[in-house]
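Text of the file protein_29.tsv, holding TSV, N, CA and C atoms:
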chain	number	residue	atom	x	y	z
A	1	MET	N	26.99	-36.42	4.74
A	1	MET	CA	26.69	-35.88	3.43
A	1	MET	C	25.63	-34.79	3.51
A	2	ALA	N	24.54	-35.03	4.26
A	2	ALA	CA	23.46	-34.06	4.37
A	2	ALA	C	23.94	-32.78	5.04
A	3	LYS	N	24.86	-32.91	5.99
A	3	LYS	CA	25.38	-31.74	6.69
A	3	LYS	C	26.14	-30.83	5.72
A	4	ASN	N	26.94	-31.40	4.82
A	4	ASN	CA	27.67	-30.61	3.83
A	4	ASN	C	26.73	-29.89	2.88
A	5	LYS	N	25.64	-30.57	2.47
A	5	LYS	CA	24.65	-29.96	1.58
A	5	LYS	C	23.98	-28.77	2.26
A	6	THR	N	23.62	-28.93	3.53
A	6	THR	CA	22.99	-27.85	4.28
A	6	THR	C	23.93	-26.66	4.41
A	7	LYS	N	25.20	-26.93	4.66
A	7	LYS	CA	26.18	-25.86	4.79
A	7	LYS	C	26.33	-25.11	3.46
A	8	GLN	N	26.37	-25.85	2.34
A	8	GLN	CA	26.49	-25.23	1.02
A	8	GLN	C	25.25	-24.40	0.70
A	9	GLU	N	24.07	-24.89	1.07
A	9	GLU	CA	22.84	-24.12	0.85
A	9	GLU	C	22.87	-22.81	1.62
A	10	LYS	N	23.40	-22.84	2.87
A	10	LYS	CA	23.51	-21.63	3.67
A	10	LYS	C	24.47	-20.65	3.02
A	11	VAL	N	25.60	-21.14	2.53
A	11	VAL	CA	26.57	-20.27	1.85
A	11	VAL	C	25.93	-19.63	0.63
A	12	ASN	N	25.22	-20.43	-0.17
A	12	ASN	CA	24.55	-19.88	-1.35
A	12	ASN	C	23.52	-18.83	-0.96
A	13	LEU	N	22.75	-19.09	0.08
A	13	LEU	CA	21.74	-18.13	0.53
A	13	LEU	C	22.40	-16.86	1.05
A	14	ASP	N	23.49	-17.00	1.80
A	14	ASP	CA	24.21	-15.82	2.28
A	14	ASP	C	24.71	-14.97	1.11
A	15	GLU	N	25.17	-15.63	0.04
A	15	GLU	CA	25.65	-14.90	-1.14
A	15	GLU	C	24.51	-14.18	-1.85
A	16	ILE	N	23.36	-14.84	-1.99
A	16	ILE	CA	22.20	-14.22	-2.62
A	16	ILE	C	21.75	-13.01	-1.82
A	17	ILE	N	21.62	-13.18	-0.52
A	17	ILE	CA	21.19	-12.08	0.35
A	17	ILE	C	22.19	-10.93	0.26
A	18	GLY	N	23.47	-11.24	0.33
A	18	GLY	CA	24.50	-10.21	0.27
A	18	GLY	C	24.47	-9.43	-1.04
A	19	LYS	N	24.35	-10.15	-2.15
A	19	LYS	CA	24.28	-9.48	-3.47
A	19	LYS	C	23.05	-8.58	-3.56
A	20	ASN	N	21.92	-9.06	-3.05
A	20	ASN	CA	20.70	-8.27	-3.10
A	20	ASN	C	20.78	-7.03	-2.22
A	21	ILE	N	21.42	-7.17	-1.07
A	21	ILE	CA	21.62	-6.00	-0.20
A	21	ILE	C	22.48	-4.98	-0.92
A	22	ARG	N	23.59	-5.42	-1.53
A	22	ARG	CA	24.47	-4.52	-2.26
A	22	ARG	C	23.72	-3.84	-3.40
A	23	THR	N	22.94	-4.62	-4.16
A	23	THR	CA	22.18	-4.07	-5.28
A	23	THR	C	21.21	-2.99	-4.80
A	24	GLU	N	20.49	-3.26	-3.73
A	24	GLU	CA	19.53	-2.29	-3.20
A	24	GLU	C	20.24	-1.06	-2.65
A	25	ARG	N	21.37	-1.26	-1.99
A	25	ARG	CA	22.14	-0.13	-1.45
A	25	ARG	C	22.61	0.77	-2.59
A	26	GLN	N	23.18	0.17	-3.63
A	26	GLN	CA	23.68	0.94	-4.76
A	26	GLN	C	22.56	1.63	-5.51
A	27	ALA	N	21.40	0.99	-5.61
A	27	ALA	CA	20.25	1.60	-6.30
A	27	ALA	C	19.80	2.87	-5.59
A	28	ARG	N	20.08	2.95	-4.30
A	28	ARG	CA	19.70	4.13	-3.51
A	28	ARG	C	20.86	5.11	-3.34
A	29	ASN	N	21.95	4.84	-4.03
A	29	ASN	CA	23.15	5.69	-3.96
A	29	ASN	C	23.64	5.86	-2.52
A	30	LEU	N	23.59	4.78	-1.77
A	30	LEU	CA	24.11	4.78	-0.40
A	30	LEU	C	25.49	4.15	-0.41
A	31	SER	N	26.39	4.72	0.36
A	31	SER	CA	27.69	4.08	0.53
A	31	SER	C	27.55	2.93	1.53
A	32	ARG	N	28.52	2.05	1.53
A	32	ARG	CA	28.50	0.95	2.51
A	32	ARG	C	28.55	1.53	3.92
A	33	ASP	N	29.34	2.59	4.11
A	33	ASP	CA	29.43	3.24	5.42
A	33	ASP	C	28.07	3.75	5.88
A	34	GLU	N	27.35	4.41	4.96
A	34	GLU	CA	26.04	4.98	5.31
A	34	GLU	C	25.05	3.90	5.72
A	35	LEU	N	24.98	2.82	4.92
A	35	LEU	CA	24.04	1.75	5.26
A	35	LEU	C	24.45	1.06	6.56
A	36	ALA	N	25.73	0.82	6.74
A	36	ALA	CA	26.20	0.19	7.97
A	36	ALA	C	25.80	1.03	9.18
A	37	GLU	N	25.96	2.33	9.08
A	37	GLU	CA	25.58	3.22	10.19
A	37	GLU	C	24.09	3.12	10.48
A	38	MET	N	23.27	3.10	9.43
A	38	MET	CA	21.82	3.00	9.61
A	38	MET	C	21.41	1.69	10.30
A	39	LEU	N	22.23	0.66	10.11
A	39	LEU	CA	21.92	-0.66	10.67
A	39	LEU	C	22.67	-0.96	11.96
A	40	ASP	N	23.43	0.02	12.44
A	40	ASP	CA	24.26	-0.17	13.65
A	40	ASP	C	25.26	-1.31	13.47
A	41	LEU	N	25.89	-1.36	12.30
A	41	LEU	CA	26.93	-2.34	12.00
A	41	LEU	C	28.23	-1.60	11.67
A	42	THR	N	29.33	-2.30	11.76
A	42	THR	CA	30.58	-1.71	11.29
A	42	THR	C	30.61	-1.84	9.77
A	43	THR	N	31.39	-0.99	9.14
A	43	THR	CA	31.53	-1.04	7.69
A	43	THR	C	32.13	-2.37	7.25
A	44	SER	N	33.09	-2.89	8.01
A	44	SER	CA	33.71	-4.16	7.63
A	44	SER	C	32.70	-5.31	7.76
A	45	HIS	N	31.85	-5.28	8.78
A	45	HIS	CA	30.83	-6.31	8.92
A	45	HIS	C	29.83	-6.22	7.76
A	46	MET	N	29.47	-5.01	7.37
A	46	MET	CA	28.56	-4.82	6.23
A	46	MET	C	29.18	-5.40	4.98
A	47	GLY	N	30.47	-5.21	4.79
A	47	GLY	CA	31.18	-5.77	3.63
A	47	GLY	C	31.15	-7.28	3.63
A	48	LEU	N	31.34	-7.89	4.81
A	48	LEU	CA	31.28	-9.35	4.92
A	48	LEU	C	29.90	-9.88	4.53
A	49	ILE	N	28.86	-9.18	4.96
A	49	ILE	CA	27.50	-9.59	4.62
A	49	ILE	C	27.27	-9.46	3.12
A	50	GLU	N	27.66	-8.32	2.54
A	50	GLU	CA	27.45	-8.10	1.11
A	50	GLU	C	28.20	-9.12	0.25
A	51	ARG	N	29.34	-9.56	0.70
A	51	ARG	CA	30.11	-10.56	-0.05
A	51	ARG	C	29.65	-11.99	0.23
A	52	GLY	N	28.70	-12.15	1.15
A	52	GLY	CA	28.20	-13.48	1.47
A	52	GLY	C	29.13	-14.26	2.37
A	53	GLU	N	30.11	-13.58	2.95
A	53	GLU	CA	31.06	-14.25	3.84
A	53	GLU	C	30.52	-14.39	5.26
A	54	ARG	N	29.51	-13.62	5.57
A	54	ARG	CA	28.86	-13.67	6.87
A	54	ARG	C	27.37	-13.51	6.62
A	55	GLY	N	26.58	-14.31	7.29
A	55	GLY	CA	25.13	-14.23	7.11
A	55	GLY	C	24.53	-13.04	7.84
A	56	ALA	N	23.48	-12.48	7.27
A	56	ALA	CA	22.75	-11.40	7.93
A	56	ALA	C	21.82	-12.02	8.97
A	57	THR	N	21.81	-11.46	10.16
A	57	THR	CA	20.93	-11.98	11.22
A	57	THR	C	19.50	-11.54	10.94
A	58	ALA	N	18.57	-12.15	11.64
A	58	ALA	CA	17.16	-11.76	11.52
A	58	ALA	C	16.97	-10.30	11.92
A	59	VAL	N	17.70	-9.86	12.93
A	59	VAL	CA	17.60	-8.46	13.37
A	59	VAL	C	18.09	-7.53	12.27
A	60	THR	N	19.21	-7.87	11.62
A	60	THR	CA	19.74	-7.05	10.53
A	60	THR	C	18.75	-7.02	9.37
A	61	LEU	N	18.19	-8.17	9.02
A	61	LEU	CA	17.20	-8.21	7.93
A	61	LEU	C	15.97	-7.37	8.28
A	62	SER	N	15.55	-7.42	9.53
A	62	SER	CA	14.41	-6.62	9.96
A	62	SER	C	14.71	-5.12	9.81
A	63	LYS	N	15.91	-4.71	10.22
A	63	LYS	CA	16.30	-3.30	10.06
A	63	LYS	C	16.38	-2.92	8.59
A	64	LEU	N	16.90	-3.83	7.76
A	64	LEU	CA	16.99	-3.56	6.32
A	64	LEU	C	15.62	-3.32	5.70
A	65	THR	N	14.63	-4.09	6.12
A	65	THR	CA	13.29	-3.91	5.56
A	65	THR	C	12.74	-2.53	5.89
A	66	ARG	N	13.07	-2.03	7.08
A	66	ARG	CA	12.61	-0.69	7.46
A	66	ARG	C	13.42	0.39	6.74
A	67	VAL	N	14.74	0.25	6.74
A	67	VAL	CA	15.61	1.27	6.15
A	67	VAL	C	15.41	1.38	4.64
A	68	LEU	N	15.34	0.23	3.96
A	68	LEU	CA	15.22	0.23	2.50
A	68	LEU	C	13.77	0.16	2.02
A	69	GLN	N	12.85	0.03	2.98
A	69	GLN	CA	11.41	-0.03	2.69
A	69	GLN	C	11.09	-1.11	1.66
A	70	LEU	N	11.54	-2.32	1.96
A	70	LEU	CA	11.32	-3.48	1.09
A	70	LEU	C	10.81	-4.64	1.92
A	71	PRO	N	10.00	-5.51	1.32
A	71	PRO	CA	9.62	-6.73	2.02
A	71	PRO	C	10.84	-7.64	2.17
A	72	VAL	N	10.89	-8.39	3.23
A	72	VAL	CA	12.06	-9.21	3.52
A	72	VAL	C	12.32	-10.24	2.43
A	73	ASP	N	11.28	-10.71	1.74
A	73	ASP	CA	11.50	-11.73	0.71
A	73	ASP	C	12.31	-11.21	-0.47
A	74	ASN	N	12.39	-9.90	-0.66
A	74	ASN	CA	13.23	-9.35	-1.73
A	74	ASN	C	14.70	-9.74	-1.56
A	75	PHE	N	15.14	-9.92	-0.33
A	75	PHE	CA	16.54	-10.24	-0.09
A	75	PHE	C	16.87	-11.70	-0.40
A	76	PHE	N	15.84	-12.53	-0.52
A	76	PHE	CA	16.03	-13.96	-0.76
A	76	PHE	C	15.90	-14.35	-2.22
A	77	MET	N	15.51	-13.39	-3.09
A	77	MET	CA	15.32	-13.68	-4.51
A	77	MET	C	16.65	-13.89	-5.21
A	78	PRO	N	16.75	-14.95	-6.01
A	78	PRO	CA	17.96	-15.07	-6.83
A	78	PRO	C	18.07	-13.87	-7.78
A	79	SER	N	19.26	-13.52	-8.16
A	79	SER	CA	19.52	-12.32	-8.95
A	79	SER	C	18.67	-12.17	-10.21
A	80	PRO	N	18.40	-13.23	-11.00
A	80	PRO	CA	17.56	-13.02	-12.19
A	80	PRO	C	16.18	-12.49	-11.86
A	81	MET	N	15.59	-12.98	-10.75
A	81	MET	CA	14.27	-12.49	-10.35
A	81	MET	C	14.37	-11.04	-9.90
A	82	LEU	N	15.43	-10.70	-9.22
A	82	LEU	CA	15.65	-9.34	-8.77
A	82	LEU	C	15.80	-8.42	-9.98
A	83	ALA	N	16.53	-8.87	-11.00
A	83	ALA	CA	16.72	-8.07	-12.21
A	83	ALA	C	15.39	-7.81	-12.90
A	84	LEU	N	14.51	-8.82	-12.94
A	84	LEU	CA	13.20	-8.63	-13.55
A	84	LEU	C	12.39	-7.61	-12.78
A	85	ARG	N	12.45	-7.67	-11.44
A	85	ARG	CA	11.73	-6.70	-10.62
A	85	ARG	C	12.26	-5.30	-10.85
A	86	GLU	N	13.60	-5.17	-10.95
A	86	GLU	CA	14.19	-3.86	-11.18
A	86	GLU	C	13.79	-3.31	-12.54
A	87	GLU	N	13.73	-4.20	-13.56
A	87	GLU	CA	13.32	-3.77	-14.90
A	87	GLU	C	11.88	-3.26	-14.87
A	88	ARG	N	11.00	-3.98	-14.16
A	88	ARG	CA	9.61	-3.56	-14.03
A	88	ARG	C	9.52	-2.22	-13.31
A	89	ASP	N	10.28	-2.06	-12.22
A	89	ASP	CA	10.27	-0.82	-11.46
A	89	ASP	C	10.79	0.34	-12.30
A	90	THR	N	11.81	0.12	-13.12
A	90	THR	CA	12.35	1.16	-13.98
A	90	THR	C	11.33	1.59	-15.01
A	91	THR	N	10.66	0.62	-15.63
A	91	THR	CA	9.62	0.93	-16.61
A	91	THR	C	8.51	1.74	-15.97
A	92	ARG	N	8.11	1.33	-14.78
A	92	ARG	CA	7.05	2.06	-14.07
A	92	ARG	C	7.51	3.47	-13.71
A	93	SER	N	8.75	3.61	-13.29
A	93	SER	CA	9.29	4.92	-12.94
A	93	SER	C	9.30	5.86	-14.15
A	94	ILE	N	9.68	5.35	-15.30
A	94	ILE	CA	9.69	6.16	-16.53
A	94	ILE	C	8.28	6.61	-16.87
A	95	ALA	N	7.32	5.69	-16.76
A	95	ALA	CA	5.92	6.02	-17.04
A	95	ALA	C	5.41	7.09	-16.07
A	96	GLN	N	5.76	6.95	-14.80
A	96	GLN	CA	5.32	7.93	-13.81
A	96	GLN	C	5.91	9.32	-14.08
A	97	LYS	N	7.17	9.35	-14.53
A	97	LYS	CA	7.79	10.64	-14.85
A	97	LYS	C	7.09	11.29	-16.04
A	98	LYS	N	6.72	10.49	-17.05
A	98	LYS	CA	6.00	11.02	-18.21
A	98	LYS	C	4.65	11.58	-17.78
A	99	ILE	N	3.94	10.82	-16.94
A	99	ILE	CA	2.64	11.27	-16.45
A	99	ILE	C	2.78	12.56	-15.65
A	100	ASN	N	3.76	12.62	-14.76
A	100	ASN	CA	3.98	13.83	-13.95
A	100	ASN	C	4.28	15.03	-14.83
A	101	SER	N	5.07	14.83	-15.87
A	101	SER	CA	5.39	15.92	-16.79
A	101	SER	C	4.14	16.43	-17.49
A	102	LEU	N	3.32	15.53	-17.96
A	102	LEU	CA	2.08	15.92	-18.64
A	102	LEU	C	1.10	16.60	-17.69
A	103	ILE	N	0.96	16.05	-16.50
A	103	ILE	CA	0.02	16.60	-15.52
A	103	ILE	C	0.42	18.01	-15.10
A	104	SER	N	1.70	18.27	-15.01
A	104	SER	CA	2.16	19.58	-14.55
A	104	SER	C	1.73	20.71	-15.48
A	105	LYS	N	1.35	20.36	-16.72
A	105	LYS	CA	0.95	21.37	-17.71
A	105	LYS	C	-0.56	21.58	-17.77
A	106	LEU	N	-1.33	20.84	-16.97
A	106	LEU	CA	-2.79	20.90	-17.04
A	106	LEU	C	-3.36	22.00	-16.17
A	107	SER	N	-4.51	22.53	-16.61
A	107	SER	CA	-5.25	23.48	-15.79
A	107	SER	C	-5.94	22.70	-14.66
A	108	GLU	N	-6.52	23.43	-13.73
A	108	GLU	CA	-7.18	22.77	-12.60
A	108	GLU	C	-8.37	21.93	-13.07
A	109	SER	N	-9.15	22.44	-14.01
A	109	SER	CA	-10.30	21.67	-14.48
A	109	SER	C	-9.85	20.43	-15.26
A	110	GLU	N	-8.77	20.56	-16.05
A	110	GLU	CA	-8.24	19.40	-16.77
A	110	GLU	C	-7.70	18.36	-15.78
A	111	LEU	N	-7.05	18.85	-14.76
A	111	LEU	CA	-6.50	17.95	-13.74
A	111	LEU	C	-7.62	17.19	-13.02
A	112	ASN	N	-8.71	17.87	-12.71
A	112	ASN	CA	-9.85	17.20	-12.07
A	112	ASN	C	-10.44	16.13	-12.99
A	113	PHE	N	-10.50	16.42	-14.30
A	113	PHE	CA	-10.99	15.44	-15.25
A	113	PHE	C	-10.08	14.21	-15.27
A	114	VAL	N	-8.77	14.43	-15.28
A	114	VAL	CA	-7.81	13.31	-15.28
A	114	VAL	C	-7.98	12.47	-14.02
A	115	ILE	N	-8.15	13.12	-12.90
A	115	ILE	CA	-8.36	12.40	-11.64
A	115	ILE	C	-9.61	11.53	-11.73
A	116	HIS	N	-10.67	12.09	-12.30
A	116	HIS	CA	-11.93	11.35	-12.47
A	116	HIS	C	-11.71	10.12	-13.36
A	117	VAL	N	-10.98	10.29	-14.44
A	117	VAL	CA	-10.71	9.18	-15.36
A	117	VAL	C	-9.89	8.09	-14.66
A	118	ILE	N	-8.84	8.49	-13.94
A	118	ILE	CA	-8.00	7.52	-13.24
A	118	ILE	C	-8.80	6.78	-12.19
A	119	GLN	N	-9.66	7.48	-11.47
A	119	GLN	CA	-10.50	6.82	-10.48
A	119	GLN	C	-11.42	5.80	-11.14
A	120	GLY	N	-11.96	6.15	-12.30
A	120	GLY	CA	-12.82	5.22	-13.02
A	120	GLY	C	-12.06	3.98	-13.47
A	121	ILE	N	-10.84	4.18	-13.96
A	121	ILE	CA	-10.02	3.05	-14.39
A	121	ILE	C	-9.68	2.15	-13.21
A	122	SER	N	-9.32	2.75	-12.09
A	122	SER	CA	-8.90	1.94	-10.94
A	122	SER	C	-10.09	1.18	-10.34
A	123	LYS	N	-11.30	1.67	-10.49
A	123	LYS	CA	-12.47	0.98	-9.97
A	123	LYS	C	-12.89	-0.17	-10.88
A	124	THR	N	-12.80	0.04	-12.18
A	124	THR	CA	-13.27	-0.98	-13.12
A	124	THR	C	-12.16	-1.86	-13.64
A	125	GLY	N	-10.93	-1.38	-13.52
A	125	GLY	CA	-9.80	-2.12	-14.08
A	125	GLY	C	-9.70	-1.84	-15.57
A	126	ILE	N	-8.59	-2.16	-16.13
A	126	ILE	CA	-8.38	-1.95	-17.55
A	126	ILE	C	-7.52	-3.09	-18.05
A	127	SER	N	-7.87	-3.63	-19.17
A	127	SER	CA	-7.09	-4.75	-19.69
A	127	SER	C	-5.75	-4.25	-20.22
A	128	LYS	N	-4.76	-5.11	-20.24
A	128	LYS	CA	-3.44	-4.76	-20.73
A	128	LYS	C	-3.53	-4.36	-22.21
A	129	GLU	N	-4.37	-5.04	-22.98
A	129	GLU	CA	-4.51	-4.74	-24.40
A	129	GLU	C	-5.07	-3.33	-24.60
A	130	ALA	N	-6.04	-2.95	-23.77
A	130	ALA	CA	-6.63	-1.62	-23.91
A	130	ALA	C	-5.64	-0.53	-23.53
A	131	ALA	N	-4.74	-0.83	-22.60
A	131	ALA	CA	-3.74	0.16	-22.17
A	131	ALA	C	-2.71	0.41	-23.26
A	132	GLU	N	-2.48	-0.59	-24.14
A	132	GLU	CA	-1.48	-0.46	-25.18
A	132	GLU	C	-2.13	0.04	-26.41
Can you give me the file's structure in the form of structure tokens?
Amino acid sequence: MAKNKTKQEKVNLDEIIGKNIRTERQARNLSRDELAEMLDLTTSHMGLIERGERGATAVTLSKLTRVLQLPVDNFFMPSPMLALREERDTTRSIAQKKINSLISKLSESELNFVIHVIQGISKTGISKEAAE
């Protein structure tokens, strides 16, 4: 009985890892062929991993962390947690684009002032309520 449970847990983990790899690959607009080449895998093997039909080896996971620049634990997160992280990253990306747009219109002296303010905030911290 315990052996069947362990096997099912492995299958579930392989599926989670595969879905997360696919999600990260698609978020970077990489084709399966491109990612497979970066990892020294065949495209068909990459497909098996993404579908959870074959487990990713430790070596493959190590390469993925370098290629996709992610901590290895990101591949083990169940999809709802991954979705929350993606939502947070999207919100942060939108905010950064707004800031970049505003900064691009500043003079050098205004830009230096903004840098000074940001440095002050990062040293002292700012409460979430004050930011809103």
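CA of Ala56 in chain A lies 14.5 Å from CA of Met38 in chain A.
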Between atom N of Gly18 in chain A and CA of Ile49 in chain A - distance in Å to one decimal: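 For CA of Ile49 in chain A relative to atom N of Gly18 in chain A, the distance reads 6.1 Å.
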Extract, using all atoms listed in the file, all DNA, RNA and protein residues at most 8 Å from range 25-33 of chain A, discarding same-chain residues fewer than 3 positions from it, and format them as a PDB file with N, CA and C atoms, keeping the file's coordinate frame.
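That gives us selection-v6.pdb:
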ATOM      1  N   LYS A  19      24.350 -10.150  -2.150  1.00  0.00           N
ATOM      2  CA  LYS A  19      24.280  -9.480  -3.470  1.00  0.00           C
ATOM      3  C   LYS A  19      23.050  -8.580  -3.560  1.00  0.00           C
ATOM      4  N   ASN A  20      21.920  -9.060  -3.050  1.00  0.00           N
ATOM      5  CA  ASN A  20      20.700  -8.270  -3.100  1.00  0.00           C
ATOM      6  C   ASN A  20      20.780  -7.030  -2.220  1.00  0.00           C
ATOM      7  N   ILE A  21      21.420  -7.170  -1.070  1.00  0.00           N
ATOM      8  CA  ILE A  21      21.620  -6.000  -0.200  1.00  0.00           C
ATOM      9  C   ILE A  21      22.480  -4.980  -0.920  1.00  0.00           C
ATOM     10  N   ARG A  22      23.590  -5.420  -1.530  1.00  0.00           N
ATOM     11  CA  ARG A  22      24.470  -4.520  -2.260  1.00  0.00           C
ATOM     12  C   ARG A  22      23.720  -3.840  -3.400  1.00  0.00           C
ATOM     13  N   ALA A  36      25.730   0.820   6.740  1.00  0.00           N
ATOM     14  CA  ALA A  36      26.200   0.190   7.970  1.00  0.00           C
ATOM     15  C   ALA A  36      25.800   1.030   9.180  1.00  0.00           C
ATOM     16  N   GLU A  37      25.960   2.330   9.080  1.00  0.00           N
ATOM     17  CA  GLU A  37      25.580   3.220  10.190  1.00  0.00           C
ATOM     18  C   GLU A  37      24.090   3.120  10.480  1.00  0.00           C
ATOM     19  N   MET A  38      23.270   3.100   9.430  1.00  0.00           N
ATOM     20  CA  MET A  38      21.820   3.000   9.610  1.00  0.00           C
ATOM     21  C   MET A  38      21.410   1.690  10.300  1.00  0.00           C
ATOM     22  N   LEU A  39      22.230   0.660  10.110  1.00  0.00           N
ATOM     23  CA  LEU A  39      21.920  -0.660  10.670  1.00  0.00           C
ATOM     24  C   LEU A  39      22.670  -0.960  11.960  1.00  0.00           C
ATOM     25  N   LEU A  41      25.890  -1.360  12.300  1.00  0.00           N
ATOM     26  CA  LEU A  41      26.930  -2.340  12.000  1.00  0.00           C
ATOM     27  C   LEU A  41      28.230  -1.600  11.670  1.00  0.00           C
ATOM     28  N   THR A  42      29.330  -2.300  11.760  1.00  0.00           N
ATOM     29  CA  THR A  42      30.580  -1.710  11.290  1.00  0.00           C
ATOM     30  C   THR A  42      30.610  -1.840   9.770  1.00  0.00           C
ATOM     31  N   THR A  43      31.390  -0.990   9.140  1.00  0.00           N
ATOM     32  CA  THR A  43      31.530  -1.040   7.690  1.00  0.00           C
ATOM     33  C   THR A  43      32.130  -2.370   7.250  1.00  0.00           C
ATOM     34  N   SER A  44      33.090  -2.890   8.010  1.00  0.00           N
ATOM     35  CA  SER A  44      33.710  -4.160   7.630  1.00  0.00           C
ATOM     36  C   SER A  44      32.700  -5.310   7.760  1.00  0.00           C
ATOM     37  N   MET A  46      29.470  -5.010   7.370  1.00  0.00           N
ATOM     38  CA  MET A  46      28.560  -4.820   6.230  1.00  0.00           C
ATOM     39  C   MET A  46      29.180  -5.400   4.980  1.00  0.00           C
ATOM     40  N   GLY A  47      30.470  -5.210   4.790  1.00  0.00           N
ATOM     41  CA  GLY A  47      31.180  -5.770   3.630  1.00  0.00           C
ATOM     42  C   GLY A  47      31.150  -7.280   3.630  1.00  0.00           C
ATOM     43  N   LEU A  68      15.340   0.230   3.960  1.00  0.00           N
ATOM     44  CA  LEU A  68      15.220   0.230   2.500  1.00  0.00           C
ATOM     45  C   LEU A  68      13.770   0.160   2.020  1.00  0.00           C
TER      46      LEU A  68
END
Two-atom distance - atom N of Leu64 in chain A, atom C of Arg51 in chain A (Å):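 Atom C of Arg51 in chain A lies at a distance of 16.9 Å from atom N of Leu64 in chain A.
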Residue set, range 31-91 of chain A restricted to helix (DSSP H, G or I), as JSON, numbers by chain: {"A": [32, 33, 34, 35, 36, 37, 38, 43, 44, 45, 46, 47, 48, 49, 50, 58, 59, 60, 61, 62, 63, 64, 65, 66, 67, 72, 73, 74, 75, 76, 79, 80, 81, 82, 83, 84, 85, 86, 87, 88, 89, 90, 91]}
Using only C-alpha atoms: which of A:Lys123, A:Asn74, A:Arg54, A:Glu108 has the shortest distance to Glu15 in chain A: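 Of A:Lys123, A:Asn74, A:Arg54, A:Glu108, the one nearest Glu15 in chain A is A:Arg54, counting only C-alpha atoms.
Between Leu70 in chain A and the residues A:Asp40, A:Glu24, A:Asp14, A:Glu53, the shortest atom-to-atom distance, using only C-alpha atoms, involves A:Glu24.
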For range 28-33 of chain A, write all heavy atoms out as a short mmCIF file (atom, residue, chain, number, x, y, z; two decimals), in the first residue's frame.
data_model
loop_
_atom_site.label_atom_id
_atom_site.label_comp_id
_atom_site.auth_asym_id
_atom_site.auth_seq_id
_atom_site.Cartn_x
_atom_site.Cartn_y
_atom_site.Cartn_z
N ARG A 28 8.17 33.19 -21.06
CA ARG A 28 9.36 33.77 -21.69
C ARG A 28 9.31 33.69 -23.22
O ARG A 28 10.28 33.95 -23.89
CB ARG A 28 10.60 33.05 -21.16
CG ARG A 28 10.90 33.39 -19.72
CD ARG A 28 11.88 32.41 -19.11
NE ARG A 28 12.27 32.80 -17.78
CZ ARG A 28 11.48 32.75 -16.71
NH1 ARG A 28 10.25 32.30 -16.81
NH2 ARG A 28 11.92 33.14 -15.53
N ASN A 29 8.15 33.28 -23.73
CA ASN A 29 7.96 33.14 -25.18
C ASN A 29 9.00 32.24 -25.82
O ASN A 29 9.50 32.52 -26.91
CB ASN A 29 7.93 34.51 -25.87
CG ASN A 29 6.74 35.33 -25.44
OD1 ASN A 29 5.63 34.82 -25.35
ND2 ASN A 29 6.97 36.60 -25.16
N LEU A 30 9.34 31.16 -25.12
CA LEU A 30 10.27 30.18 -25.67
C LEU A 30 9.47 29.01 -26.22
O LEU A 30 8.48 28.59 -25.62
CB LEU A 30 11.20 29.64 -24.58
CG LEU A 30 12.25 30.57 -24.01
CD1 LEU A 30 12.92 29.93 -22.78
CD2 LEU A 30 13.30 30.89 -25.06
N SER A 31 9.90 28.49 -27.35
CA SER A 31 9.27 27.27 -27.86
C SER A 31 9.84 26.08 -27.09
O SER A 31 10.89 26.19 -26.44
CB SER A 31 9.56 27.11 -29.35
OG SER A 31 10.92 26.78 -29.55
N ARG A 32 9.15 24.97 -27.17
CA ARG A 32 9.64 23.75 -26.53
C ARG A 32 10.99 23.37 -27.14
O ARG A 32 11.91 22.93 -26.44
CB ARG A 32 8.63 22.61 -26.69
CG ARG A 32 9.01 21.39 -25.88
CD ARG A 32 7.97 20.31 -25.95
NE ARG A 32 6.77 20.74 -25.25
CZ ARG A 32 5.55 20.35 -25.56
NH1 ARG A 32 5.35 19.52 -26.55
NH2 ARG A 32 4.52 20.78 -24.87
N ASP A 33 11.13 23.54 -28.45
CA ASP A 33 12.40 23.24 -29.12
C ASP A 33 13.54 24.08 -28.56
O ASP A 33 14.64 23.58 -28.31
CB ASP A 33 12.30 23.53 -30.63
CG ASP A 33 11.40 22.55 -31.37
OD1 ASP A 33 11.14 21.46 -30.84
OD2 ASP A 33 10.95 22.91 -32.47
#
